[in-house]
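**Q** File protein.pdb below, PDB, C-alpha atoms:
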```pdb
MODEL        1
ATOM      1  CA  MET A  17       4.100 -28.733  10.691
ATOM      2  CA  ALA A  18       6.767 -26.050  10.395
ATOM      3  CA  PRO A  19       5.819 -22.486  11.326
ATOM      4  CA  LYS A  20       5.709 -19.820   8.622
ATOM      5  CA  LEU A  21       8.126 -17.240  10.001
ATOM      6  CA  LYS A  22       7.865 -13.669   8.799
ATOM      7  CA  THR A  23      10.234 -10.843   9.630
ATOM      8  CA  ASP A  24       8.532  -7.734  10.984
ATOM      9  CA  SER A  25       8.891  -4.906   8.451
ATOM     10  CA  LYS A  26      10.745  -2.720  10.995
ATOM     11  CA  TYR A  27      13.588  -5.302  10.981
ATOM     12  CA  LEU A  28      13.963  -5.768   7.225
ATOM     13  CA  ASP A  29      17.164  -3.673   7.099
ATOM     14  CA  VAL A  30      18.661  -5.719   9.947
ATOM     15  CA  MET A  31      17.608  -8.914   8.198
ATOM     16  CA  GLU A  32      19.359  -7.842   4.988
ATOM     17  CA  GLU A  33      22.555  -6.951   6.902
ATOM     18  CA  LEU A  34      22.606 -10.331   8.625
ATOM     19  CA  LYS A  35      21.671 -12.264   5.507
ATOM     20  CA  LYS A  36      24.949 -11.033   3.973
ATOM     21  CA  ARG A  37      26.836 -12.642   6.902
ATOM     22  CA  GLU A  38      25.192 -16.072   6.763
ATOM     23  CA  PRO A  39      26.206 -18.804   6.673
ATOM     24  CA  ILE A  40      28.643 -17.651   9.321
ATOM     25  CA  PHE A  41      32.376 -17.931   8.662
ATOM     26  CA  HIS A  42      31.818 -18.387   4.908
ATOM     27  CA  HIS A  43      32.274 -14.797   3.729
ATOM     28  CA  PRO A  44      35.917 -13.890   3.078
ATOM     29  CA  GLU A  45      35.011 -10.199   2.917
ATOM     30  CA  TYR A  46      34.533 -10.366   6.711
ATOM     31  CA  GLY A  47      37.833 -12.154   7.231
ATOM     32  CA  THR A  48      39.645 -15.463   6.933
ATOM     33  CA  LYS A  49      42.084 -15.349   9.834
ATOM     34  CA  ARG A  50      41.681 -16.309  13.474
ATOM     35  CA  GLU A  51      41.728 -12.683  14.627
ATOM     36  CA  ASP A  52      38.884 -11.922  12.187
ATOM     37  CA  PHE A  53      36.802 -14.772  13.618
ATOM     38  CA  GLU A  54      37.624 -13.659  17.161
ATOM     39  CA  ARG A  55      36.350 -10.185  16.259
ATOM     40  CA  MET A  56      33.137 -11.703  14.820
ATOM     41  CA  THR A  57      32.273 -13.700  17.941
ATOM     42  CA  GLU A  58      31.426 -12.853  21.531
ATOM     43  CA  GLU A  59      33.856 -14.255  24.077
ATOM     44  CA  THR A  60      30.956 -16.401  25.334
ATOM     45  CA  PHE A  61      30.170 -17.742  21.829
ATOM     46  CA  TRP A  62      29.442 -21.444  21.453
ATOM     47  CA  GLU A  63      27.602 -23.595  18.971
ATOM     48  CA  VAL A  64      25.735 -26.840  18.559
ATOM     49  CA  GLY A  65      26.875 -28.613  15.411
ATOM     50  CA  ALA A  66      24.804 -30.714  13.048
ATOM     51  CA  SER A  67      25.923 -33.793  15.002
ATOM     52  CA  GLY A  68      24.363 -32.402  18.183
ATOM     53  CA  GLN A  69      27.823 -31.933  19.686
ATOM     54  CA  CYS A  70      28.482 -28.672  21.578
ATOM     55  CA  TYR A  71      31.571 -26.695  20.606
ATOM     56  CA  SER A  72      33.352 -23.948  22.531
ATOM     57  CA  ARG A  73      34.499 -20.735  20.924
ATOM     58  CA  ASN A  74      38.118 -21.850  21.157
ATOM     59  CA  PHE A  75      37.383 -25.187  19.450
ATOM     60  CA  VAL A  76      35.507 -23.399  16.637
ATOM     61  CA  LEU A  77      38.350 -20.884  16.207
ATOM     62  CA  ASP A  78      40.913 -23.710  16.039
ATOM     63  CA  THR A  79      38.787 -25.525  13.453
ATOM     64  CA  LEU A  80      38.384 -22.390  11.334
ATOM     65  CA  ASP A  81      42.115 -21.752  11.533
ATOM     66  CA  LYS A  82      42.747 -25.203  10.006
ATOM     67  CA  ARG A  83      39.902 -24.942   7.473
ATOM     68  CA  PHE A  84      41.088 -21.650   5.991
ATOM     69  CA  LYS A  85      44.562 -22.980   5.253
ATOM     70  CA  ASN A  86      42.774 -24.861   2.439
ATOM     71  CA  PRO A  87      39.322 -23.231   2.154
ATOM     72  CA  PRO A  88      36.396 -25.370   0.989
ATOM     73  CA  MET A  89      34.554 -24.477  -2.193
ATOM     74  CA  ASP A  90      31.028 -25.029  -0.935
ATOM     75  CA  GLU A  91      28.009 -24.109  -2.991
ATOM     76  CA  TRP A  92      25.027 -23.078  -0.913
ATOM     77  CA  GLU A  93      21.483 -21.865  -1.211
ATOM     78  CA  ILE A  94      19.622 -20.143   1.605
ATOM     79  CA  LYS A  95      15.849 -20.451   1.911
ATOM     80  CA  ASP A  96      13.231 -19.199   4.372
ATOM     81  CA  PHE A  97      15.487 -16.583   5.998
ATOM     82  CA  SER A  98      13.867 -14.726   8.871
ATOM     83  CA  CYS A  99      14.938 -12.342  11.596
ATOM     84  CA  LEU A 100      13.445 -11.652  15.027
ATOM     85  CA  GLU A 101      14.586  -9.162  17.656
ATOM     86  CA  ILE A 102      14.765 -11.205  20.885
ATOM     87  CA  ALA A 103      16.171  -8.449  23.137
ATOM     88  CA  GLU A 104      17.420  -4.932  22.527
ATOM     89  CA  ASN A 105      20.108  -5.146  19.803
ATOM     90  CA  ASN A 106      19.961  -8.973  19.854
ATOM     91  CA  TYR A 107      18.544 -10.825  16.866
ATOM     92  CA  LEU A 108      17.754 -14.423  16.072
ATOM     93  CA  VAL A 109      18.076 -15.395  12.424
ATOM     94  CA  THR A 110      16.816 -18.713  11.135
ATOM     95  CA  TYR A 111      17.033 -20.271   7.701
ATOM     96  CA  THR A 112      17.443 -23.475   5.748
ATOM     97  CA  LEU A 113      20.821 -24.050   4.120
ATOM     98  CA  ILE A 114      21.256 -26.366   1.154
ATOM     99  CA  GLN A 115      24.934 -27.234   0.666
ATOM    100  CA  ASP A 116      26.190 -28.649  -2.601
ATOM    101  CA  LYS A 117      22.560 -29.338  -3.627
ATOM    102  CA  LYS A 118      22.263 -32.271  -1.224
ATOM    103  CA  ARG A 119      22.978 -31.540   2.459
ATOM    104  CA  ILE A 120      20.097 -29.686   4.099
ATOM    105  CA  THR A 121      20.413 -28.083   7.513
ATOM    106  CA  ARG A 122      18.236 -25.755   9.529
ATOM    107  CA  ARG A 123      20.315 -22.961  10.991
ATOM    108  CA  SER A 124      19.876 -20.437  13.759
ATOM    109  CA  THR A 125      22.266 -17.715  14.852
ATOM    110  CA  ILE A 126      21.951 -15.133  17.598
ATOM    111  CA  TRP A 127      23.613 -11.854  16.623
ATOM    112  CA  LYS A 128      24.321  -8.824  18.809
ATOM    113  CA  LYS A 129      24.685  -5.317  17.362
ATOM    114  CA  TYR A 130      27.419  -3.003  18.675
ATOM    115  CA  ASP A 131      27.271   0.455  17.074
ATOM    116  CA  ASN A 132      28.124  -0.441  13.451
ATOM    117  CA  ASP A 133      29.436  -3.938  14.099
ATOM    118  CA  TRP A 134      27.934  -7.383  14.634
ATOM    119  CA  LYS A 135      29.042 -10.227  16.880
ATOM    120  CA  ILE A 136      27.837 -13.824  16.890
ATOM    121  CA  VAL A 137      26.578 -14.972  20.287
ATOM    122  CA  TYR A 138      25.376 -18.500  19.441
ATOM    123  CA  HIS A 139      24.914 -20.742  16.417
ATOM    124  CA  GLN A 140      23.198 -24.052  15.742
ATOM    125  CA  GLY A 141      22.894 -26.231  12.669
ATOM    126  CA  THR A 142      20.594 -29.251  12.553
ATOM    127  CA  ILE A 143      20.580 -31.770   9.716
ATOM    128  CA  VAL A 144      17.200 -32.307   8.109
ATOM    129  CA  GLU A 145      16.477 -36.024   8.225
ATOM    130  CA  GLY A 146      17.004 -37.777   4.922
ATOM    131  CA  SER A 147      19.279 -35.141   3.401
TER     132      SER A 147
ENDMDL
END
```
Can you turn what I pasted into structure tokens?

**A**
Amino acid sequence: MAPKLKTDSKYLDVMEELKKREPIFHHPEYGTKREDFERMTEETFWEVGASGQCYSRNFVLDTLDKRFKNPPMDEWEIKDFSCLEIAENNYLVTYTLIQDKKRITRRSTIWKKYDNDWKIVYHQGTIVEGS
């Protein structure tokens, strides 16, 4: 049975800031060019894709560079968004993403706060069986 995650009230502002940035790399207001994505990610960034494959920062940046030459028009819905401080200025966000009303993934991103900026440390997306 899935846990019922609840964001501590002292992190609600952080949660709202990060909610505006998820799903990652899908908000043109934060940038659409490689240098924007470089600025958004730690140099040590990596991710585990829905396939279970691990991807380096450079591979993700190359993929985003190609994707934004002809950006997708995805429709998404976010459910069960939560935020947890896991270390000072480091936050884990988790949520369920429903893409185009049919593909369901569970997502987690680790974000690090630098003054007034955010950087992505790690990301994972896992397909929900049967979606």

**Q** Return as a VMD selection string the set of residues that the PyMOL selection byres ((chain A and resi 61) around 12) yields on the displayed structure.

**A** chain A and resid 53 to 60 62 to 64 70 to 77 125 to 128 135 to 140

**Q** What are the closest atom pairs, with distances in Å to one decimal, for all residues of stretch 20-53 of chain A lying within 9 Å of stretch 89-101 of chain A? Consider all atoms listed in the file, order rows by chain and residue number, and present the result as a Markdown table.

**A**
```
| residue | atom | partner | partner_atom | distance |
| --- | --- | --- | --- | --- |
| A:Lys20 | CA | A:Asp96 | CA | 8.7 |
| A:Leu21 | CA | A:Ser98 | CA | 6.4 |
| A:Lys22 | CA | A:Ser98 | CA | 6.1 |
| A:Thr23 | CA | A:Cys99 | CA | 5.3 |
| A:Asp24 | CA | A:Leu100 | CA | 7.5 |
| A:Tyr27 | CA | A:Cys99 | CA | 7.2 |
| A:Leu28 | CA | A:Cys99 | CA | 8.0 |
| A:Val30 | CA | A:Cys99 | CA | 7.8 |
| A:Met31 | CA | A:Cys99 | CA | 5.5 |
| A:Leu34 | CA | A:Cys99 | CA | 8.5 |
| A:Lys35 | CA | A:Phe97 | CA | 7.6 |
| A:Glu38 | CA | A:Ile94 | CA | 8.6 |
| A:Pro39 | CA | A:Ile94 | CA | 8.4 |
| A:His42 | CA | A:Asp90 | CA | 8.9 |
```

**Q** Please compute the atom CA of A:Ser124-atom CA of A:Thr110 distance, one decimal, in Å.

**A** 4.4 Å

**Q** Which residues match the PyMOL selection byres ((chain A and resi 145) around 12) in the file above, as a list in words?

**A** Ala66, Ser67, Lys118, Arg119, Ile120, Thr121, Arg122, Thr142, Ile143, Val144, Gly146 and Ser147 of chain A

**Q** Show me the residues close to (34.1, -1.4, 11.2) - anything with an atom within 12 Å, counting all atoms listed in the file - and format the list as an mmCIF file with C-alpha atoms, in the coordinates of the input.

**A**
```
data_model
loop_
_atom_site.group_PDB
_atom_site.id
_atom_site.type_symbol
_atom_site.label_atom_id
_atom_site.label_comp_id
_atom_site.auth_asym_id
_atom_site.auth_seq_id
_atom_site.Cartn_x
_atom_site.Cartn_y
_atom_site.Cartn_z
ATOM 1 C CA TYR A 46 34.533 -10.366 6.711
ATOM 2 C CA ASP A 52 38.884 -11.922 12.187
ATOM 3 C CA ARG A 55 36.350 -10.185 16.259
ATOM 4 C CA MET A 56 33.137 -11.703 14.820
ATOM 5 C CA LYS A 129 24.685 -5.317 17.362
ATOM 6 C CA TYR A 130 27.419 -3.003 18.675
ATOM 7 C CA ASP A 131 27.271 0.455 17.074
ATOM 8 C CA ASN A 132 28.124 -0.441 13.451
ATOM 9 C CA ASP A 133 29.436 -3.938 14.099
ATOM 10 C CA TRP A 134 27.934 -7.383 14.634
ATOM 11 C CA LYS A 135 29.042 -10.227 16.880
#
```

**Q** Please put the answer as lines of an AutoDock Vina configuration file: centre and edge lengths, in Å with one decimal, of a box along x, y and z that encloses all listed atoms of stretch 57-60 of chain A plus 5 Å on each side.

**A**
```
center_x = 32.4
center_y = -14.6
center_z = 21.6
size_x = 12.9
size_y = 13.5
size_z = 17.4
```

**Q** Would you please work out which residue, of A:Lys26, A:Arg50, A:Glu33, A:Asp116, is nearest to A:Pro88 when using all atoms listed in the file?

**A**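 Checking each candidate against A:Pro88, we get A:Asp116 as the closest.
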
**Q** Could you work out how far atom CA of A:Gly65 lies from atom CA of A:Lys49, giving the answer in Å with one decimal?

**A**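 Answer for the atom CA of A:Lys49 to atom CA of A:Gly65 separation: 20.9 Å.
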
**Q** So how far away is atom CA of A:Pro19 from atom CA of A:Asn106, in Å?

**A**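 Computing it gives 21.3 Å between the two atoms.
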
**Q** Between A:Pro87, A:Glu32, A:Gly141, A:Asp78, single out the one closest to A:Thr112, counting all atoms listed in the file.

**A**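 Distance minimum relative to A:Thr112 lands on A:Gly141.
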
**Q** Pick out the closest residue to A:Thr79 from this set: A:Ile114, A:Asp29, A:Phe41, A:Arg123. Count all atoms listed in the file.

**A**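 Of A:Ile114, A:Asp29, A:Phe41, A:Arg123, the one nearest A:Thr79, counting all atoms listed in the file, is A:Phe41.
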
**Q** Could you rebuild stretch 81-104 of chain A with N, CA and C atoms and give it back as a PDB file, keeping the file's coordinate frame?

**A**
```pdb
ATOM      1  N   ASP A  81      40.705 -21.997  11.846  1.00  0.00           N
ATOM      2  CA  ASP A  81      42.115 -21.752  11.533  1.00  0.00           C
ATOM      3  C   ASP A  81      42.646 -22.832  10.591  1.00  0.00           C
ATOM      4  N   LYS A  82      42.325 -24.088  10.867  1.00  0.00           N
ATOM      5  CA  LYS A  82      42.747 -25.203  10.006  1.00  0.00           C
ATOM      6  C   LYS A  82      42.031 -25.164   8.656  1.00  0.00           C
ATOM      7  N   ARG A  83      40.715 -24.911   8.691  1.00  0.00           N
ATOM      8  CA  ARG A  83      39.902 -24.942   7.473  1.00  0.00           C
ATOM      9  C   ARG A  83      40.376 -23.900   6.457  1.00  0.00           C
ATOM     10  N   PHE A  84      40.746 -22.715   6.921  1.00  0.00           N
ATOM     11  CA  PHE A  84      41.088 -21.650   5.991  1.00  0.00           C
ATOM     12  C   PHE A  84      42.515 -21.716   5.474  1.00  0.00           C
ATOM     13  N   LYS A  85      43.265 -22.726   5.887  1.00  0.00           N
ATOM     14  CA  LYS A  85      44.562 -22.980   5.253  1.00  0.00           C
ATOM     15  C   LYS A  85      44.330 -23.598   3.875  1.00  0.00           C
ATOM     16  N   ASN A  86      43.190 -24.278   3.708  1.00  0.00           N
ATOM     17  CA  ASN A  86      42.774 -24.861   2.439  1.00  0.00           C
ATOM     18  C   ASN A  86      41.252 -24.719   2.371  1.00  0.00           C
ATOM     19  N   PRO A  87      40.755 -23.499   2.048  1.00  0.00           N
ATOM     20  CA  PRO A  87      39.322 -23.231   2.154  1.00  0.00           C
ATOM     21  C   PRO A  87      38.461 -24.115   1.250  1.00  0.00           C
ATOM     22  N   PRO A  88      37.316 -24.552   1.790  1.00  0.00           N
ATOM     23  CA  PRO A  88      36.396 -25.370   0.989  1.00  0.00           C
ATOM     24  C   PRO A  88      35.699 -24.517  -0.073  1.00  0.00           C
ATOM     25  N   MET A  89      35.286 -25.157  -1.124  1.00  0.00           N
ATOM     26  CA  MET A  89      34.554 -24.477  -2.193  1.00  0.00           C
ATOM     27  C   MET A  89      33.101 -24.939  -2.163  1.00  0.00           C
ATOM     28  N   ASP A  90      32.424 -24.631  -1.078  1.00  0.00           N
ATOM     29  CA  ASP A  90      31.028 -25.029  -0.935  1.00  0.00           C
ATOM     30  C   ASP A  90      30.124 -24.188  -1.825  1.00  0.00           C
ATOM     31  N   GLU A  91      29.081 -24.816  -2.287  1.00  0.00           N
ATOM     32  CA  GLU A  91      28.009 -24.109  -2.991  1.00  0.00           C
ATOM     33  C   GLU A  91      26.800 -24.172  -2.072  1.00  0.00           C
ATOM     34  N   TRP A  92      26.171 -23.029  -1.804  1.00  0.00           N
ATOM     35  CA  TRP A  92      25.027 -23.078  -0.913  1.00  0.00           C
ATOM     36  C   TRP A  92      23.882 -22.212  -1.405  1.00  0.00           C
ATOM     37  N   GLU A  93      22.720 -22.601  -0.940  1.00  0.00           N
ATOM     38  CA  GLU A  93      21.483 -21.865  -1.211  1.00  0.00           C
ATOM     39  C   GLU A  93      20.775 -21.677   0.130  1.00  0.00           C
ATOM     40  N   ILE A  94      20.347 -20.454   0.375  1.00  0.00           N
ATOM     41  CA  ILE A  94      19.622 -20.143   1.605  1.00  0.00           C
ATOM     42  C   ILE A  94      18.151 -19.943   1.274  1.00  0.00           C
ATOM     43  N   LYS A  95      17.305 -20.577   2.084  1.00  0.00           N
ATOM     44  CA  LYS A  95      15.849 -20.451   1.911  1.00  0.00           C
ATOM     45  C   LYS A  95      15.228 -20.088   3.257  1.00  0.00           C
ATOM     46  N   ASP A  96      14.060 -19.468   3.191  1.00  0.00           N
ATOM     47  CA  ASP A  96      13.231 -19.199   4.372  1.00  0.00           C
ATOM     48  C   ASP A  96      13.974 -18.419   5.454  1.00  0.00           C
ATOM     49  N   PHE A  97      14.726 -17.399   5.059  1.00  0.00           N
ATOM     50  CA  PHE A  97      15.487 -16.583   5.998  1.00  0.00           C
ATOM     51  C   PHE A  97      14.535 -15.662   6.755  1.00  0.00           C
ATOM     52  N   SER A  98      14.678 -15.647   8.072  1.00  0.00           N
ATOM     53  CA  SER A  98      13.867 -14.726   8.871  1.00  0.00           C
ATOM     54  C   SER A  98      14.696 -14.160  10.011  1.00  0.00           C
ATOM     55  N   CYS A  99      14.215 -13.055  10.557  1.00  0.00           N
ATOM     56  CA  CYS A  99      14.938 -12.342  11.596  1.00  0.00           C
ATOM     57  C   CYS A  99      13.941 -11.859  12.650  1.00  0.00           C
ATOM     58  N   LEU A 100      14.302 -12.035  13.911  1.00  0.00           N
ATOM     59  CA  LEU A 100      13.445 -11.652  15.027  1.00  0.00           C
ATOM     60  C   LEU A 100      14.292 -10.976  16.094  1.00  0.00           C
ATOM     61  N   GLU A 101      13.881  -9.794  16.546  1.00  0.00           N
ATOM     62  CA  GLU A 101      14.586  -9.162  17.656  1.00  0.00           C
ATOM     63  C   GLU A 101      14.138  -9.877  18.927  1.00  0.00           C
ATOM     64  N   ILE A 102      15.097 -10.444  19.673  1.00  0.00           N
ATOM     65  CA  ILE A 102      14.765 -11.205  20.885  1.00  0.00           C
ATOM     66  C   ILE A 102      15.071 -10.424  22.161  1.00  0.00           C
ATOM     67  N   ALA A 103      15.878  -9.388  22.054  1.00  0.00           N
ATOM     68  CA  ALA A 103      16.171  -8.449  23.137  1.00  0.00           C
ATOM     69  C   ALA A 103      16.767  -7.225  22.443  1.00  0.00           C
ATOM     70  N   GLU A 104      16.892  -6.139  23.161  1.00  0.00           N
ATOM     71  CA  GLU A 104      17.420  -4.932  22.527  1.00  0.00           C
ATOM     72  C   GLU A 104      18.791  -5.215  21.902  1.00  0.00           C
TER      73      GLU A 104
END
```
